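The structure under discussion appears below in the form of structure tokens.
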Amino acid sequence: MHKNLLIIDDKLIELNQQNLINNIIEIADFDGFNVGNIYLGKVERIIKELAVAFINIGDTKLGFLPQDNLISSHKNLAIGENILVQIVRQQIAEKGVLLTQKISLESDNFVYFPLENNPTNKVNISKKIVDSKAKKNLRNLVENVIKNKNVGGFIVRSNAKNLLQNKNIKTLITTEILDLVNLWEQQIKKQNLYKKSAPNLIYNSYQNKIQNYKNTFAPKNIYTDKNIIKNTFPTLQSQLDNLKNNIVYLSNGVNIIIETTNALTVIDVNSGNVENHKNYQGNFSAEESILQINKIAATEILRQIKLRNIGGIIVIDFIKMQQLNNQRIIVDLLKNESSKDNKKCKILGFTNAGLCEIIRQKTQSQIKF
């Protein structure tokens, strides 16, 4: 494993092979009400007109459970009833956590839906995997593991396509799938929920997620000593400083400004100290030069969105391009970069006003530095 994992204060920071920050996980709220946690909750209120129920899971605010997130056997809830629920979105501002009864468990390459909560044995493939041969191979491999086993359904995540390059792919897939099944059967399902009082934490997703994360790194690639980290990764501080500021300076003189509000995030691309677009990166025309600047900015914007965990509506004001084909080039680049994100990210494209719109899944608050 060539990647490195740094543990600094309240964050896990993963570096890629070029020692650029690839992912950040906050661990300060280890015992908090995090996405993926499973609780035995108590029904406190039901508003039939809105088709929602409010569930006490022990948080400061009642959790929000829409009727669409109920399993078929619980369509008629009763106040005071104890039910098993999972957090799908953290508390954000004044909104309590969003809950579902349709329990799922995640690993690096799969999402597992236990049979009790999602009565299906289907294997679905992430839409981010577009290669038909890869999709077929992955589907067959997973189906071979679960055939004749009445365990539930799976989604094959986009990251799983990397397994196809491994000679031990059958063993890796089998182990990861059975680990998820055993996690449900041995750690969650076997708990005598009927004897527990609500609210009660049944499964801590953060604990499992962070341990799995650490397990993917060789011990020699995990760093905790700040002095060693500082000497070993000299560019780390400047990368972290970039994430602390709303202005991000790129090496080519371009900068991007990130402004986040409760409603949306606005990102502005500035040419900075690139004074002459005509001579930018060669003897390009002004339009070609602007396209080159926007392409570099687009790649960094998607990286910043992922690392800062920016969700919801995102509007990008790129340097104005005259040719519609160049806008399509930027949109295609954004779609390609967003495919590397583990959160759902939809690139809506450019508006008539020349602004580019993105919607990114919002399950947690933005990471603070």
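Chain labels run A, B, ... following the order of the structure tokens; each chain numbers its residues from 1, and ligands are numbered from 1 in the order shown.
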Identify, on the basis of only C-alpha atoms, every residue whose closest approach to A:Gln101 does not exceed 6 Å; exclude the query and any residue fewer than 6 positions from it along the same chain; express the result as a list in words.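 Residues near the query, excluding close chain neighbours: Asn69, Leu70, Ile71 and Val85 of chain A.
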A:Glu81, A:Glu176, A:Glu337, A:Glu94 ranked by distance to A:Ser107, top pick (using only C-alpha atoms): A:Glu176
Strand (DSSP E) per DSSP on the backbone: members of stretch 117-345 of chain A, as JSON, numbers by chain: {"A": [123, 124, 125, 152, 153, 154, 155, 156, 200, 201, 202, 203, 222, 223, 247, 248, 249, 255, 256, 257, 258, 259, 260, 264, 265, 266, 267, 268, 269, 270, 312, 313, 314, 315, 316, 317, 345]}
Quick one: DSSP alpha helix (DSSP H) residues in stretch 114-184 of chain A, as a count of residues only? 29
Test item: residues at most 9 Å from A:Asp68, only C-alpha atoms, excluding those fewer than 3 positions along its chain, as JSON, numbers by chain: {"A": [51, 52, 65, 71, 100]}
